[in-house]
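Listing of coords.txt; format and content: compact mmCIF, C-alpha atoms.
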```
# COMPACT_ATOMS: atom_id res chain seq x y z
CA MET A 1 22.58 12.89 52.12
CA ALA A 2 24.03 15.79 50.16
CA THR A 3 24.95 15.49 46.54
CA THR A 4 28.53 16.67 47.12
CA GLU A 5 29.17 13.70 49.46
CA LEU A 6 28.35 11.20 46.68
CA GLN A 7 30.49 10.31 43.71
CA MET A 8 28.10 10.47 40.78
CA SER A 9 28.35 10.67 37.05
CA PRO A 10 26.97 13.82 35.39
CA GLN A 11 23.83 11.91 34.37
CA LEU A 12 23.20 10.71 37.93
CA GLU A 13 23.83 14.19 39.32
CA GLN A 14 21.27 15.66 36.94
CA ILE A 15 18.63 13.06 37.85
CA HIS A 16 19.40 13.41 41.57
CA GLY A 17 19.09 17.19 41.36
CA GLU A 18 15.72 16.96 39.60
CA ILE A 19 14.45 14.56 42.28
CA ARG A 20 15.59 16.89 45.06
CA ASP A 21 13.90 19.83 43.35
CA LEU A 22 10.67 17.84 43.19
CA PHE A 23 10.95 16.94 46.88
CA ARG A 24 11.33 20.62 47.77
CA ALA A 25 8.32 21.44 45.60
CA LEU A 26 6.30 18.70 47.34
CA SER A 27 7.28 19.97 50.78
CA ASN A 28 6.31 23.53 49.92
CA GLY A 29 3.11 22.31 48.29
CA PHE A 30 1.96 20.42 51.36
CA GLN A 31 2.80 23.43 53.51
CA ARG A 32 0.60 25.61 51.33
CA LEU A 33 -2.07 22.92 51.45
CA ASP A 34 -2.28 23.26 55.24
CA LYS A 35 -3.04 26.95 54.87
CA MET A 36 -5.82 26.50 52.30
CA LYS A 37 -9.42 26.56 53.52
CA ASP A 38 -11.28 26.06 50.25
CA SER A 39 -11.79 22.36 49.53
CA ASN A 40 -11.78 22.93 45.77
CA ARG A 41 -8.40 24.64 45.92
CA GLN A 42 -7.11 21.87 48.17
CA SER A 43 -8.28 19.24 45.69
CA LYS A 44 -6.61 21.07 42.81
CA GLN A 45 -3.40 21.44 44.83
CA LEU A 46 -3.45 17.70 45.59
CA GLU A 47 -3.76 16.94 41.87
CA GLU A 48 -0.71 19.08 41.14
CA LEU A 49 1.24 17.39 43.92
CA THR A 50 0.19 13.99 42.58
CA GLY A 51 1.66 14.90 39.20
CA LYS A 52 4.94 15.85 40.87
CA MET A 53 4.93 12.51 42.72
CA ARG A 54 4.50 10.63 39.46
CA GLU A 55 7.41 12.51 37.92
CA CYS A 56 9.51 11.85 41.01
CA LYS A 57 8.74 8.14 40.86
CA ARG A 58 9.82 8.05 37.22
CA LEU A 59 13.09 9.78 38.00
CA ILE A 60 13.83 7.40 40.89
CA LYS A 61 13.30 4.49 38.52
CA GLU A 62 15.68 6.11 36.04
CA PHE A 63 18.16 6.76 38.86
CA ASP A 64 18.08 3.06 39.76
CA ARG A 65 18.75 2.05 36.14
CA GLU A 66 21.73 4.39 35.95
CA ILE A 67 23.13 2.89 39.15
CA LYS A 68 22.88 -0.61 37.70
CA ASP A 69 24.52 0.51 34.45
CA GLU A 70 27.46 2.07 36.32
CA GLU A 71 27.74 -0.59 39.02
CA SER A 72 30.69 -2.30 37.36
CA LYS A 73 32.58 0.98 37.01
CA ASN A 74 32.21 2.20 40.62
CA PRO A 75 33.84 0.88 43.78
CA PRO A 76 31.62 -1.11 46.18
CA GLU A 77 31.55 1.80 48.65
CA VAL A 78 30.20 4.17 46.03
CA ASN A 79 27.59 1.65 44.93
CA LYS A 80 26.47 1.23 48.54
CA GLN A 81 26.17 5.00 49.02
CA LEU A 82 24.16 5.33 45.82
CA ASN A 83 21.81 2.50 46.84
CA ASP A 84 21.35 4.06 50.28
CA GLU A 85 20.52 7.38 48.63
CA LYS A 86 18.01 5.62 46.39
CA GLN A 87 16.36 3.97 49.40
CA SER A 88 16.23 7.29 51.18
CA MET A 89 14.50 8.92 48.21
CA ILE A 90 12.00 6.07 47.96
CA LYS A 91 11.21 6.40 51.65
CA GLU A 92 10.75 10.15 51.32
CA LEU A 93 8.48 9.68 48.30
CA ASN A 94 6.36 7.12 50.17
CA SER A 95 6.00 9.57 53.05
CA TYR A 96 4.57 12.14 50.65
CA VAL A 97 2.27 9.46 49.24
CA ALA A 98 1.03 8.74 52.77
CA MET A 99 0.47 12.45 53.38
CA ARG A 100 -1.52 12.71 50.17
CA LYS A 101 -3.70 9.76 51.18
CA THR A 102 -4.32 11.38 54.53
CA TYR A 103 -5.39 14.66 52.95
CA MET A 104 -7.60 12.82 50.46
CA ASN A 105 -9.28 10.93 53.30
CA THR A 106 -9.80 14.19 55.16
CA LEU A 107 -11.27 15.98 52.16
CA GLY A 108 -13.53 13.05 51.31
CA ASN A 109 -12.98 13.67 47.60
CA LYS A 110 -12.42 11.12 44.91
CA LYS A 111 -9.03 9.48 45.29
CA ILE A 112 -6.45 10.20 42.61
CA GLU A 113 -4.40 7.16 41.68
CA LEU A 114 -0.64 7.64 41.85
CA PHE A 115 0.40 4.13 40.82
CA ASP A 116 -1.39 1.62 38.59
CA MET A 117 -2.11 -1.14 41.11
CA GLY A 118 -3.89 -3.36 38.55
CA ALA A 119 -7.40 -4.82 38.55
CA GLY A 120 -8.68 -6.60 41.62
CA VAL A 121 -6.25 -4.87 44.06
CA SER A 122 -7.90 -2.94 46.87
CA GLU A 123 -6.84 0.64 47.61
CA PRO A 124 -4.86 0.96 50.85
CA THR A 125 -6.36 3.14 53.54
CA ALA A 126 -4.70 6.26 54.86
CA ASP A 127 -3.77 4.58 58.16
CA GLU A 128 -2.09 1.74 56.30
CA ASN A 129 -0.09 4.22 54.24
CA VAL A 130 1.01 6.07 57.35
CA LYS A 131 2.09 2.80 58.91
CA MET A 132 3.93 1.86 55.74
CA ALA A 133 5.83 5.15 55.71
CA SER A 134 6.57 5.39 59.44
CA SER A 135 6.95 1.92 60.87
CA MET A 136 8.36 -0.08 57.94
CA SER A 137 12.08 -0.61 57.64
CA ASN A 138 14.13 0.82 54.84
CA GLN A 139 14.34 -2.56 53.11
CA GLU A 140 10.58 -3.00 53.29
CA LEU A 141 10.09 0.46 51.88
CA VAL A 142 12.55 -0.32 49.10
CA ASP A 143 10.81 -3.62 48.31
CA HIS A 144 7.42 -1.94 48.31
CA GLY A 145 8.66 0.86 46.08
CA MET A 146 10.30 -1.58 43.66
CA LYS A 147 7.14 -3.67 43.57
CA THR A 148 5.09 -0.59 42.77
CA MET A 149 7.56 0.37 40.06
CA ASP A 150 7.42 -3.13 38.57
CA GLU A 151 3.64 -2.98 38.50
CA THR A 152 3.85 0.40 36.81
CA ASP A 153 6.31 -1.01 34.27
CA GLN A 154 3.89 -3.84 33.53
CA ALA A 155 1.12 -1.32 32.96
CA ILE A 156 3.42 0.63 30.65
CA GLU A 157 4.26 -2.54 28.73
CA ARG A 158 0.56 -3.28 28.33
CA SER A 159 0.06 0.25 27.05
CA LYS A 160 2.96 -0.24 24.63
CA LYS A 161 1.38 -3.44 23.31
CA VAL A 162 -1.90 -1.60 22.77
CA VAL A 163 -0.03 1.14 20.93
CA GLU A 164 1.82 -1.42 18.79
CA GLN A 165 -1.44 -3.17 17.94
CA THR A 166 -2.98 0.18 17.05
CA ILE A 167 0.00 1.00 14.82
CA GLU A 168 -0.25 -2.42 13.17
CA VAL A 169 -3.96 -1.95 12.50
CA GLY A 170 -3.22 1.51 11.13
CA THR A 171 -0.53 0.07 8.84
CA GLN A 172 -2.89 -2.61 7.55
CA THR A 173 -5.58 0.00 6.99
CA ALA A 174 -3.12 2.21 5.12
CA GLY A 175 -2.10 -0.76 2.93
CA THR A 176 -5.73 -1.55 2.19
CA LEU A 177 -6.44 2.07 1.30
CA LYS A 178 -3.39 2.14 -0.97
CA GLY A 179 -4.58 -1.01 -2.75
CA GLN A 180 -8.04 0.45 -3.20
CA THR A 181 -6.51 3.69 -4.49
CA ASP A 182 -4.46 1.76 -7.07
CA GLN A 183 -7.56 -0.18 -8.09
CA MET A 184 -9.51 3.05 -8.53
CA GLY A 185 -6.66 4.38 -10.67
CA ARG A 186 -6.81 1.31 -12.90
CA ILE A 187 -10.59 1.66 -13.22
CA VAL A 188 -10.20 5.31 -14.24
CA ASN A 189 -7.62 4.32 -16.86
CA GLU A 190 -9.95 1.63 -18.22
CA LEU A 191 -12.80 4.14 -18.39
CA ASP A 192 -10.58 6.54 -20.32
CA THR A 193 -9.70 3.73 -22.75
CA ILE A 194 -13.38 2.84 -23.20
CA GLN A 195 -14.29 6.48 -23.77
CA PHE A 196 -11.54 6.80 -26.40
CA SER A 197 -12.77 3.62 -28.12
CA ILE A 198 -16.34 4.95 -28.15
CA LYS A 199 -15.14 8.22 -29.68
CA LYS A 200 -13.21 6.38 -32.41
CA ALA A 201 -16.22 4.17 -33.12
CA SER A 202 -18.42 7.25 -33.43
CA GLN A 203 -16.00 8.78 -35.93
CA LEU A 204 -15.93 5.51 -37.90
CA VAL A 205 -19.74 5.36 -37.99
CA LYS A 206 -19.85 8.93 -39.28
CA GLU A 207 -17.33 8.11 -42.04
CA ILE A 208 -19.33 5.01 -43.04
CA GLY A 209 -22.48 7.14 -43.13
CA ARG A 210 -20.80 9.67 -45.40
CA GLN A 211 -19.59 6.89 -47.70
CA VAL A 212 -23.08 5.36 -47.86
CA ALA A 213 -24.57 8.76 -48.67
CA THR A 214 -21.97 9.26 -51.43
CA ASP A 215 -22.73 5.82 -52.87
CA LYS A 216 -26.46 6.62 -52.87
CA CYS A 217 -25.83 9.88 -54.71
CA ILE A 218 -23.72 8.08 -57.32
CA MET A 219 -26.41 5.44 -57.78
CA LEU A 220 -29.02 8.18 -58.15
CA PHE A 221 -26.96 9.94 -60.82
CA LEU A 222 -26.43 6.66 -62.68
CA PHE A 223 -30.14 5.95 -62.49
CA LEU A 224 -30.96 9.39 -63.88
CA ILE A 225 -28.45 8.91 -66.72
CA VAL A 226 -29.92 5.52 -67.62
CA CYS A 227 -33.42 6.94 -67.52
CA GLY A 228 -32.34 9.80 -69.80
CA VAL A 229 -30.74 7.43 -72.30
CA ILE A 230 -33.85 5.24 -72.33
CA ALA A 231 -36.05 8.29 -72.83
CA ILE A 232 -33.94 9.47 -75.79
CA ILE A 233 -34.07 6.02 -77.39
CA VAL A 234 -37.82 5.86 -77.00
CA VAL A 235 -38.28 9.33 -78.52
CA LYS A 236 -36.00 8.49 -81.48
CA ILE A 237 -37.91 5.32 -82.16
CA VAL A 238 -41.29 6.96 -81.92
CA ASN A 239 -40.36 10.09 -83.88
CA PRO A 240 -37.24 9.39 -85.93
CA ASN A 241 -37.61 12.62 -88.00
CA ASN A 242 -37.26 14.83 -84.94
CA LYS A 243 -34.16 16.87 -85.67
CA ASP A 244 -34.05 18.43 -82.21
CA ILE A 245 -32.67 15.17 -80.84
CA ARG A 246 -29.32 14.06 -82.15
CA ASP A 247 -28.77 10.53 -83.22
CA ILE A 248 -27.37 8.26 -80.64
CA PRO A 249 -24.02 6.90 -81.75
CA GLY A 250 -24.37 3.28 -82.88
CA LEU A 251 -28.13 3.55 -83.27
CA ALA A 252 -29.28 4.21 -86.93
CA PRO A 253 -32.83 5.22 -87.83
CA PRO A 254 -34.85 2.08 -88.64
CA ALA A 255 -37.12 3.47 -91.43
CA PRO A 256 -34.51 4.31 -94.09
CA SER A 257 -32.87 1.00 -93.57
CA ARG A 258 -36.05 -0.87 -94.25
CA ARG A 259 -36.62 1.28 -97.43
CA LEU A 260 -33.21 0.40 -98.84
CA LEU A 261 -33.85 -3.24 -98.34
CA TYR A 262 -37.18 -2.90 -100.07
CA LEU A 263 -35.65 -1.16 -103.12
CA ARG A 264 -32.94 -3.72 -103.41
CA ASP A 265 -35.49 -6.47 -103.30
CA LEU A 266 -37.41 -4.81 -106.11
CA GLN A 267 -34.29 -4.51 -108.21
CA ASP A 268 -33.53 -8.16 -107.78
CA ARG A 269 -37.00 -9.13 -108.81
CA SER A 270 -36.95 -6.86 -111.89
CA GLY A 271 -33.76 -8.50 -113.04
CA GLU A 272 -35.30 -11.92 -112.74
CA TYR A 273 -38.27 -10.80 -114.81
CA TRP A 274 -36.04 -9.25 -117.40
CA GLU A 275 -34.09 -12.46 -117.85
CA VAL A 276 -37.24 -14.48 -118.27
CA GLY A 277 -38.59 -12.14 -120.98
CA ILE A 278 -35.47 -12.60 -123.16
```

Whole structure given in structure tokens:
Amino acid sequence: MATTELQMSPQLEQIHGEIRDLFRALSNGFQRLDKMKDSNRQSKQLEELTGKMRECKRLIKEFDREIKDEESKNPPEVNKQLNDEKQSMIKELNSYVAMRKTYMNTLGNKKIELFDMGAGVSEPTADENVKMASSMSNQELVDHGMKTMDETDQAIERSKKVVEQTIEVGTQTAGTLKGQTDQMGRIVNELDTIQFSIKKASQLVKEIGRQVATDKCIMLFLFLIVCGVIAIIVVKIVNPNNKDIRDIPGLAPPAPSRRLLYLRDLQDRSGEYWEVGI
């Protein structure tokens, strides 16, 4: 069915055109595959065609979503034409899938998965795929294609959940690293405070040491002064007539003092005698 015969929105026309371009590329690719003799080149060509099939499947799924979104805006005839076109594209895609399976069976190489069929599901044989593409009705092909798409969507959802869990774990790890970074910052600040305190304590110890040394010097000077005074006193007592040493203020020579007392005592006694003689 040609694009000009269908009433499509610009978005649907773009998707439909991309699908048709992929179908042409698949047709040309399989034609080139028939002419290839080297099995390695054939295997590589099949891998490229498989990638185009995956992209085509994704676009058909997107085409179906656009149809459902615009279903209320279009007349029933247009919706029927669009659904028929979708079924036709699904059938054509399944035919290419069957051709790929046939070539893979012929080559005997490792099969390349086009759709995620899930664990525990056996891989269909090439004959079964040919039967599915040739003898099944359009509705059966549509149901099979929709089932495959649903299974692919489930696989995508599982992948999304894994990605979300990975992002969550990454977020938790980032939060833990941030907390550890903050803790390390606090430890560094505490170490700086301790280092500053140690430096201040060292300065204080040095000041105390200087004060103690100053006090010791003062005590030494006082001790020397006291010793000098004592030495002068001793010398004055032992040799009071030594004129080289000045008298210490407040300390009179002891000898003259004792002589004066002796003379006065003699005078007193002489007076007593004199009075008795009269």

What's around Leu33 in chain A at 10 Å? Count only C-alpha atoms, leave out sequence neighbours fewer than 5 positions away in its own chain, and write the answer as JSON, numbers by chain.
{"A": [27, 28, 38, 39, 41, 42, 43, 44, 45, 46, 49, 103]}

What's the separation between CA of Asp64 in chain A and CA of Leu82 in chain A, in Å to one decimal place?
8.9 Å

For CA of Ser9 in chain A and CA of Glu62 in chain A, the interatomic separation in Å (one decimal):
13.5 Å

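For the pair CA of Ser95 in chain A and CA of Val142 in chain A, the interatomic distance is 12.5 Å.
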
Measuring between only C-alpha atoms, which one of A:Asp215, A:Glu48, A:Asp21, A:Glu151 shows the shortest distance to Met89 in chain A?
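With only C-alpha atoms as the atom set, the closest residue is A:Asp21.
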
Residues around (21.7, 6.3, 47.2), cut-off 10 Å, counting all atoms listed in the file - what are they as a short mmCIF file (atom, residue, chain, number, x, y, z; two decimals) with C-alpha atoms, in the coordinates of the input?
```
data_model
loop_
_atom_site.label_atom_id
_atom_site.label_comp_id
_atom_site.auth_asym_id
_atom_site.auth_seq_id
_atom_site.Cartn_x
_atom_site.Cartn_y
_atom_site.Cartn_z
CA MET A 1 22.58 12.89 52.12
CA THR A 3 24.95 15.49 46.54
CA LEU A 6 28.35 11.20 46.68
CA MET A 8 28.10 10.47 40.78
CA HIS A 16 19.40 13.41 41.57
CA PHE A 63 18.16 6.76 38.86
CA ASP A 64 18.08 3.06 39.76
CA ILE A 67 23.13 2.89 39.15
CA VAL A 78 30.20 4.17 46.03
CA ASN A 79 27.59 1.65 44.93
CA LYS A 80 26.47 1.23 48.54
CA GLN A 81 26.17 5.00 49.02
CA LEU A 82 24.16 5.33 45.82
CA ASN A 83 21.81 2.50 46.84
CA ASP A 84 21.35 4.06 50.28
CA GLU A 85 20.52 7.38 48.63
CA LYS A 86 18.01 5.62 46.39
CA GLN A 87 16.36 3.97 49.40
CA SER A 88 16.23 7.29 51.18
CA MET A 89 14.50 8.92 48.21
CA ILE A 90 12.00 6.07 47.96
#
```

Long-range neighbours of range 52-61 of chain A as a JSON list (two decimals) with C-alpha atoms, in the coordinates of the input, 9 Å cut-off, all atoms listed in the file, 2 positions minimum in chain:
```
[["chain", "number", "residue", "atom", "x", "y", "z"],
["A", 15, "ILE", "CA", 18.63, 13.06, 37.85],
["A", 16, "HIS", "CA", 19.40, 13.41, 41.57],
["A", 18, "GLU", "CA", 15.72, 16.96, 39.60],
["A", 19, "ILE", "CA", 14.45, 14.56, 42.28],
["A", 20, "ARG", "CA", 15.59, 16.89, 45.06],
["A", 22, "LEU", "CA", 10.67, 17.84, 43.19],
["A", 23, "PHE", "CA", 10.95, 16.94, 46.88],
["A", 25, "ALA", "CA", 8.32, 21.44, 45.60],
["A", 26, "LEU", "CA", 6.30, 18.70, 47.34],
["A", 47, "GLU", "CA", -3.76, 16.94, 41.87],
["A", 48, "GLU", "CA", -0.71, 19.08, 41.14],
["A", 49, "LEU", "CA", 1.24, 17.39, 43.92],
["A", 50, "THR", "CA", 0.19, 13.99, 42.58],
["A", 63, "PHE", "CA", 18.16, 6.76, 38.86],
["A", 64, "ASP", "CA", 18.08, 3.06, 39.76],
["A", 65, "ARG", "CA", 18.75, 2.05, 36.14],
["A", 66, "GLU", "CA", 21.73, 4.39, 35.95],
["A", 86, "LYS", "CA", 18.01, 5.62, 46.39],
["A", 89, "MET", "CA", 14.50, 8.92, 48.21],
["A", 90, "ILE", "CA", 12.00, 6.07, 47.96],
["A", 93, "LEU", "CA", 8.48, 9.68, 48.30],
["A", 96, "TYR", "CA", 4.57, 12.14, 50.65],
["A", 97, "VAL", "CA", 2.27, 9.46, 49.24],
["A", 114, "LEU", "CA", -0.64, 7.64, 41.85],
["A", 115, "PHE", "CA", 0.40, 4.13, 40.82],
["A", 145, "GLY", "CA", 8.66, 0.86, 46.08],
["A", 146, "MET", "CA", 10.30, -1.58, 43.66],
["A", 149, "MET", "CA", 7.56, 0.37, 40.06]]
```
